[in-house]
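For reference, query_9.pdb (PDB, C-alpha atoms):
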```pdb
ATOM      1  CA  MET U   1      33.397  67.485-193.698
ATOM      2  CA  ASN U   2      33.588  64.342-191.594
ATOM      3  CA  ASP U   3      31.585  61.884-193.735
ATOM      4  CA  LYS U   4      31.323  59.369-190.889
ATOM      5  CA  GLN U   5      29.650  61.972-188.665
ATOM      6  CA  VAL U   6      27.346  63.132-191.459
ATOM      7  CA  THR U   7      26.198  59.525-191.841
ATOM      8  CA  GLU U   8      25.750  59.268-188.071
ATOM      9  CA  LEU U   9      23.657  62.452-188.046
ATOM     10  CA  ILE U  10      21.412  61.157-190.819
ATOM     11  CA  LEU U  11      20.916  57.796-189.087
ATOM     12  CA  GLN U  12      20.244  59.395-185.705
ATOM     13  CA  SER U  13      17.824  61.858-187.291
ATOM     14  CA  LEU U  14      15.925  59.049-188.997
ATOM     15  CA  GLU U  15      15.774  57.018-185.783
ATOM     16  CA  HIS U  16      14.605  60.038-183.837
ATOM     17  CA  GLU U  17      11.833  60.772-186.343
ATOM     18  CA  LYS U  18      10.712  57.123-186.141
ATOM     19  CA  GLY U  19      10.638  57.433-182.363
ATOM     20  CA  GLY U  20       8.782  60.731-182.769
ATOM     21  CA  ILE U  21       5.893  58.861-184.355
ATOM     22  CA  LEU U  22       5.593  56.741-181.206
ATOM     23  CA  VAL U  23       5.968  59.820-179.002
ATOM     24  CA  TYR U  24       3.074  61.573-180.761
ATOM     25  CA  GLU U  25       0.900  58.459-180.846
ATOM     26  CA  THR U  26       1.368  58.087-177.095
ATOM     27  CA  ALA U  27       0.978  61.823-176.405
ATOM     28  CA  LEU U  28      -2.366  61.739-178.220
ATOM     29  CA  LYS U  29      -3.561  59.151-175.688
ATOM     30  CA  CYS U  30      -2.743  61.647-172.912
ATOM     31  CA  VAL U  31      -4.167  64.828-174.401
ATOM     32  CA  ILE U  32      -7.313  66.470-173.019
ATOM     33  CA  ASN U  33      -7.276  69.876-174.738
ATOM     34  CA  ASP U  34      -8.953  69.662-178.160
ATOM     35  CA  ASP U  35      -6.788  72.391-179.722
ATOM     36  CA  LEU U  36      -3.643  70.606-178.558
ATOM     37  CA  ARG U  37      -5.002  67.309-179.888
ATOM     38  CA  GLU U  38      -5.436  68.925-183.310
ATOM     39  CA  GLU U  39      -1.899  70.335-183.166
ATOM     40  CA  TRP U  40      -0.374  66.980-182.233
ATOM     41  CA  GLU U  41      -2.341  65.139-184.917
ATOM     42  CA  LYS U  42      -0.856  67.557-187.457
ATOM     43  CA  TYR U  43       2.644  67.060-186.029
ATOM     44  CA  LEU U  44       2.228  63.270-186.089
ATOM     45  CA  SER U  45       1.363  63.424-189.778
ATOM     46  CA  GLU U  46       4.327  65.705-190.481
ATOM     47  CA  THR U  47       6.651  63.434-188.485
ATOM     48  CA  GLN U  48       5.520  60.436-190.539
ATOM     49  CA  ASN U  49       6.421  62.461-193.628
ATOM     50  CA  HIS U  50       9.820  63.317-192.140
ATOM     51  CA  VAL U  51      10.564  59.595-191.827
ATOM     52  CA  ARG U  52       9.705  59.192-195.513
ATOM     53  CA  ILE U  53      11.894  62.168-196.469
ATOM     54  CA  LEU U  54      14.919  60.920-194.517
ATOM     55  CA  THR U  55      14.471  57.406-195.892
ATOM     56  CA  GLU U  56      14.532  58.921-199.390
ATOM     57  CA  VAL U  57      17.709  60.839-198.488
ATOM     58  CA  CYS U  58      19.319  57.570-197.409
ATOM     59  CA  ASN U  59      18.273  55.848-200.623
ATOM     60  CA  THR U  60      19.474  58.770-202.755
ATOM     61  CA  ILE U  61      22.939  58.840-201.186
ATOM     62  CA  GLY U  62      23.343  55.045-201.096
ATOM     63  CA  LEU U  63      22.937  54.616-197.334
ATOM     64  CA  ASP U  64      20.899  51.691-196.036
ATOM     65  CA  PRO U  65      18.268  53.379-193.817
ATOM     66  CA  GLU U  66      18.429  50.417-191.417
ATOM     67  CA  THR U  67      22.184  50.740-190.798
ATOM     68  CA  PRO U  68      22.857  50.371-187.064
ATOM     69  CA  SER U  69      25.131  52.715-185.140
ATOM     70  CA  PRO U  70      25.902  53.244-181.445
ATOM     71  CA  GLY U  71      24.344  56.726-181.534
ATOM     72  CA  ARG U  72      21.229  55.409-183.220
ATOM     73  CA  THR U  73      20.807  52.836-180.448
ATOM     74  CA  VAL U  74      20.985  55.583-177.823
ATOM     75  CA  VAL U  75      18.481  57.750-179.712
ATOM     76  CA  HIS U  76      16.093  54.783-179.857
ATOM     77  CA  LYS U  77      16.400  54.264-176.082
ATOM     78  CA  VAL U  78      15.725  57.945-175.367
ATOM     79  CA  GLY U  79      12.567  57.838-177.503
ATOM     80  CA  ALA U  80      11.417  54.648-175.801
ATOM     81  CA  SER U  81      11.955  56.253-172.390
ATOM     82  CA  LEU U  82       9.738  59.203-173.368
ATOM     83  CA  VAL U  83       6.993  56.788-174.435
ATOM     84  CA  ALA U  84       7.404  54.822-171.186
ATOM     85  CA  ALA U  85       7.133  58.010-169.114
ATOM     86  CA  MET U  86       3.849  58.944-170.803
ATOM     87  CA  GLU U  87       2.466  55.433-170.434
ATOM     88  CA  GLU U  88       3.317  55.482-166.725
ATOM     89  CA  ALA U  89       1.651  58.867-166.311
ATOM     90  CA  LEU U  90      -1.456  57.566-168.077
ATOM     91  CA  ALA U  91      -1.592  54.547-165.775
ATOM     92  CA  GLU U  92      -0.768  56.282-162.494
ATOM     93  CA  ALA U  93      -1.721  59.967-162.656
ATOM     94  CA  PRO U  94      -4.830  62.074-163.310
ATOM     95  CA  ARG U  95      -5.384  62.922-166.985
ATOM     96  CA  GLU U  96      -4.317  66.558-166.445
ATOM     97  CA  ALA U  97      -0.968  65.363-165.081
ATOM     98  CA  ALA U  98      -0.561  62.862-167.929
ATOM     99  CA  GLN U  99      -1.177  65.668-170.420
ATOM    100  CA  LEU U 100       1.584  67.748-168.773
ATOM    101  CA  VAL U 101       3.985  64.799-168.894
ATOM    102  CA  ALA U 102       3.133  64.335-172.568
ATOM    103  CA  CYS U 103       3.796  68.033-173.237
ATOM    104  CA  GLU U 104       7.189  67.791-171.566
ATOM    105  CA  CYS U 105       8.072  64.646-173.512
ATOM    106  CA  VAL U 106       7.080  66.309-176.780
ATOM    107  CA  VAL U 107       9.251  69.346-175.961
ATOM    108  CA  ILE U 108      12.220  67.076-175.206
ATOM    109  CA  ALA U 109      11.707  65.163-178.459
ATOM    110  CA  GLU U 110      11.221  68.320-180.505
ATOM    111  CA  THR U 111      14.368  69.902-179.056
ATOM    112  CA  LYS U 112      16.446  67.022-180.469
ATOM    113  CA  ASP U 113      14.487  67.158-183.740
ATOM    114  CA  HIS U 114      15.129  70.872-184.082
ATOM    115  CA  LEU U 115      18.851  70.388-183.511
ATOM    116  CA  ASP U 116      19.028  67.502-185.998
ATOM    117  CA  TRP U 117      17.393  69.475-188.790
ATOM    118  CA  GLU U 118      19.482  72.570-188.066
ATOM    119  CA  LEU U 119      22.620  70.440-188.393
ATOM    120  CA  LEU U 120      21.314  68.690-191.513
ATOM    121  CA  SER U 121      20.687  72.109-193.051
ATOM    122  CA  LYS U 122      24.283  73.128-192.330
ATOM    123  CA  CYS U 123      25.553  69.862-193.867
ATOM    124  CA  GLY U 124      23.434  70.422-196.951
ATOM    125  CA  GLU U 125      24.926  73.891-197.371
ATOM    126  CA  LYS U 126      28.546  72.704-197.022
ATOM    127  CA  LEU U 127      28.471  69.371-198.840
ATOM    128  CA  GLY U 128      28.727  69.261-202.581
ATOM    129  CA  GLY U 129      27.309  66.935-205.154
ATOM    130  CA  ALA U 130      24.223  64.753-204.995
ATOM    131  CA  LYS U 131      24.631  64.097-201.265
ATOM    132  CA  GLY U 132      24.626  67.785-200.405
ATOM    133  CA  LYS U 133      21.678  68.455-202.699
ATOM    134  CA  ALA U 134      19.614  65.633-201.198
ATOM    135  CA  ILE U 135      20.263  66.748-197.628
ATOM    136  CA  ALA U 136      19.673  70.433-198.432
ATOM    137  CA  ALA U 137      16.381  69.685-200.196
ATOM    138  CA  ALA U 138      15.181  67.617-197.239
ATOM    139  CA  ALA U 139      16.147  70.325-194.751
ATOM    140  CA  ASP U 140      14.450  73.009-196.855
ATOM    141  CA  GLU U 141      11.244  70.978-196.823
ATOM    142  CA  VAL U 142      11.256  70.171-193.100
ATOM    143  CA  GLU U 143      13.103  72.845-191.122
ATOM    144  CA  ASP U 144      10.216  75.343-190.864
ATOM    145  CA  GLN U 145       7.913  72.585-189.618
ATOM    146  CA  GLU U 146      10.445  71.656-186.951
ATOM    147  CA  ASP U 147      10.685  75.289-185.851
ATOM    148  CA  GLU U 148       6.919  75.356-185.418
ATOM    149  CA  HIS U 149       6.885  72.013-183.598
ATOM    150  CA  LEU U 150       9.445  73.190-181.049
ATOM    151  CA  TYR U 151       8.218  76.714-180.352
ATOM    152  CA  HIS U 152       4.527  75.858-180.289
ATOM    153  CA  SER U 153       5.106  72.786-178.105
ATOM    154  CA  LYS U 154       7.092  74.837-175.597
ATOM    155  CA  GLY U 155       4.258  77.363-175.506
ATOM    156  CA  TRP U 156       1.653  74.666-174.891
ATOM    157  CA  CYS U 157       3.753  73.139-172.134
ATOM    158  CA  ARG U 158       4.285  76.479-170.414
ATOM    159  CA  GLU U 159       0.624  77.510-170.589
ATOM    160  CA  LEU U 160      -0.719  74.156-169.408
ATOM    161  CA  TRP U 161       1.698  74.276-166.489
ATOM    162  CA  ILE U 162       0.553  77.835-165.707
ATOM    163  CA  GLN U 163      -3.055  76.642-165.794
ATOM    164  CA  SER U 164      -2.241  73.715-163.474
ATOM    165  CA  LEU U 165      -0.644  76.156-161.021
ATOM    166  CA  GLY U 166      -3.904  78.084-160.795
ATOM    167  CA  MET U 167      -2.780  81.096-162.794
ATOM    168  CA  LYS U 168      -4.340  82.578-165.914
ATOM    169  CA  ALA U 169      -3.221  80.612-168.946
ATOM    170  CA  ILE U 170      -3.444  81.672-172.570
ATOM    171  CA  LEU U 171      -4.742  78.743-174.589
ATOM    172  CA  PRO U 172      -3.914  78.197-177.353
ATOM    173  CA  PRO U 173      -0.570  79.785-176.497
ATOM    174  CA  MET U 174       0.563  82.984-178.157
ATOM    175  CA  GLU U 175       3.187  81.043-180.144
ATOM    176  CA  GLU U 176       0.366  79.275-181.946
ATOM    177  CA  GLN U 177      -1.861  82.322-182.247
ATOM    178  CA  LYS U 178       0.994  84.286-183.841
ATOM    179  CA  GLU U 179       2.177  81.298-185.933
ATOM    180  CA  VAL U 180       5.706  81.621-184.534
ATOM    181  CA  LYS U 181       8.579  79.944-186.392
ATOM    182  CA  THR U 182      11.667  81.631-184.912
ATOM    183  CA  ALA U 183      13.300  81.895-181.501
ATOM    184  CA  ILE U 184      12.843  85.670-181.563
ATOM    185  CA  GLY U 185       9.175  85.249-182.482
ATOM    186  CA  ALA U 186       8.727  82.750-179.639
ATOM    187  CA  ALA U 187      10.290  85.148-177.121
ATOM    188  CA  ARG U 188       8.058  87.982-178.326
ATOM    189  CA  ALA U 189       4.971  85.756-178.169
ATOM    190  CA  GLU U 190       5.783  84.748-174.597
ATOM    191  CA  GLN U 191       6.243  88.411-173.619
ATOM    192  CA  ALA U 192       2.928  89.318-175.266
ATOM    193  CA  GLY U 193       1.246  86.572-173.267
ATOM    194  CA  ASP U 194       2.808  87.811-170.015
ATOM    195  CA  LYS U 195       1.376  91.275-170.698
ATOM    196  CA  GLN U 196      -2.120  89.780-171.049
ATOM    197  CA  ARG U 197      -2.032  88.022-167.669
TER     198      ARG U 197
END
```

Just give me the structure as structure tokens.
Amino acid sequence: MNDKQVTELILQSLEHEKGGILVYETALKCVINDDLREEWEKYLSETQNHVRILTEVCNTIGLDPETPSPGRTVVHKVGASLVAAMEEALAEAPREAAQLVACECVVIAETKDHLDWELLSKCGEKLGGAKGKAIAAAADEVEDQEDEHLYHSKGWCRELWIQSLGMKAILPPMEEQKEVKTAIGAARAEQAGDKQR
């Protein structure tokens, strides 16, 4: 294992989760749908916990959680750009459009989150010792939540776009109704929704 890259992954993941808090706080300013608001409030709380978990991983393995890195700087800028996009939509667009922008920003953020935790899980499996155990335990605690965040957020985004286009939307989306936590489950939920239209 490339220890330098493992450290980079941990730092980027922590920075992204910190940015995720700001993404959800801003998205909640944009939301109109009450069910989506409830979902995002839950995800905000879970994201705050993910920051705590990754900070504990850093402390356990002897890594200063504030360590800068070039990749971490980029991750911070990407998160800030998602927040800026939502703030601009709130200021310039109708609330329905701002909600769609927020959905898209959440999907972008959750795609990176999902990848980070998938990679952390793989590192936890391959690394030995205390470092591997700490990373594996964190991934075990978080990975299912990240699956839900990604697949449910994509469903919300798709269905709100469908609604905005004047077609029949299924709200909450089938991914949420079926409590999807896998890519296969998400594909099946989307197909089930298409059959109901």

U:Val31, U:Ala169, U:Ala91, U:Val78 ranked by distance to Cys103 of chain U, top pick (using all atoms listed in the file):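 Distance minimum relative to Cys103 of chain U lands on U:Val31.
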
Using the chain letters and numbers from the file, give me the residues hit by the PyMOL selection byres ((chain U and resi 133) around 12), as number ranges by chain. U: 57, 60-61, 120-132, 134-140

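Using only C-alpha atoms, the smallest distance between any of U:Leu11, U:Cys30, U:Val23, U:Leu165 and Pro65 of chain U comes from U:Leu11.
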
Skipping near chain neighbours, those fewer than 5 positions away, what residues fall within 12 Å of Glu146 of chain U using all atoms listed in the file, listed as a ChimeraX atom specification? /U:17,20,43-44,46-47,50,106-107,109-118,121,139-141,151-153,180-183

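Of the listed residues U:Val74, U:Arg95, U:Asn59, U:His149, the one whose atoms come nearest to Glu41 of chain U is U:His149, with distances taken using all atoms listed in the file.
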
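Atom to atom, atom CA of Ala102 of chain U and atom CA of Leu119 of chain U stand 25.8 Å apart.
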
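Using only C-alpha atoms, the smallest distance between any of U:Ala98, U:Gly185, U:Ser45, U:Gln12 and Lys77 of chain U comes from U:Gln12.
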
Which residue gives the smallest distance to Pro68 of chain U among U:Thr55, U:Thr7, U:Ser164, U:Gln99, with only C-alpha atoms counted?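 Answer, going by the shortest atom-to-atom distance: U:Thr7.
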
Evaluate the PyMOL selection byres ((chain U and resi 26) around 8) against this structure - the residues, as a VMD selection string, please. chain U and resid 22 to 25 27 to 30 83 86 to 87 102

Point-to-point distance from atom CA of Ala84 of chain U to atom CA of Asp34 of chain U, Å rounded to tenths: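 About the pair atom CA of Ala84 of chain U and atom CA of Asp34 of chain U: they are 23.2 Å apart.
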
Mind pulling up the distance from atom CA of Pro94 of chain U to atom CA of Glu159 of chain U?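 Computing the Euclidean distance for atom CA of Glu159 of chain U and atom CA of Pro94 of chain U yields 17.9 Å.
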
Name the residues that the PyMOL selection byres ((chain U and resi 171-173) around 9) picks from the file above, as a list in words, using the file's chain letters and numbers.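 Applying the PyMOL selection byres ((chain U and resi 171-173) around 9) to the structure shown produces Asp35, Leu36, His152, Gly155, Trp156, Arg158, Glu159, Leu160, Ala169, Ile170, Met174, Glu175, Glu176, Gln177, Lys178, Ala189, Glu190 and Gly193 of chain U.
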
Store the residues picked out above in a file with C-alpha atoms, as a compact mmCIF listing (two decimals), in the coordinates of the input.
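Listed below is the output, part_2.txt:
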```
# COMPACT_ATOMS: atom_id res chain seq x y z
CA ASP U 35 -6.79 72.39 -179.72
CA LEU U 36 -3.64 70.61 -178.56
CA HIS U 152 4.53 75.86 -180.29
CA GLY U 155 4.26 77.36 -175.51
CA TRP U 156 1.65 74.67 -174.89
CA ARG U 158 4.28 76.48 -170.41
CA GLU U 159 0.62 77.51 -170.59
CA LEU U 160 -0.72 74.16 -169.41
CA ALA U 169 -3.22 80.61 -168.95
CA ILE U 170 -3.44 81.67 -172.57
CA MET U 174 0.56 82.98 -178.16
CA GLU U 175 3.19 81.04 -180.14
CA GLU U 176 0.37 79.28 -181.95
CA GLN U 177 -1.86 82.32 -182.25
CA LYS U 178 0.99 84.29 -183.84
CA ALA U 189 4.97 85.76 -178.17
CA GLU U 190 5.78 84.75 -174.60
CA GLY U 193 1.25 86.57 -173.27
```

Taking into account only C-alpha atoms, which residue in the set U:Asp64, U:Asn49, U:Leu100, U:Gly19 is nearest to Ser81 of chain U?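 Between U:Asp64, U:Asn49, U:Leu100, U:Gly19, the residue approaching Ser81 of chain U most closely is U:Gly19.
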
Padding 3 Å on every side, please: axis-aligned box over the listed atoms of segment 14-33 of chain U, centre and edge lengths to one decimal in Å, as JSON.
```
{"center_x": 4.3, "center_y": 63.3, "center_z": -181.0, "size_x": 29.2, "size_y": 19.1, "size_z": 22.1}
```

Write out as a list of chain:residue names which residues come within 9 Å of Ala85 of chain U when counting all atoms listed in the file, dropping same-chain ones fewer than 5 positions away.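 Listed by chain and then number, they are U:Ala80, U:Leu90, U:Val101, U:Ala102, U:Cys105.
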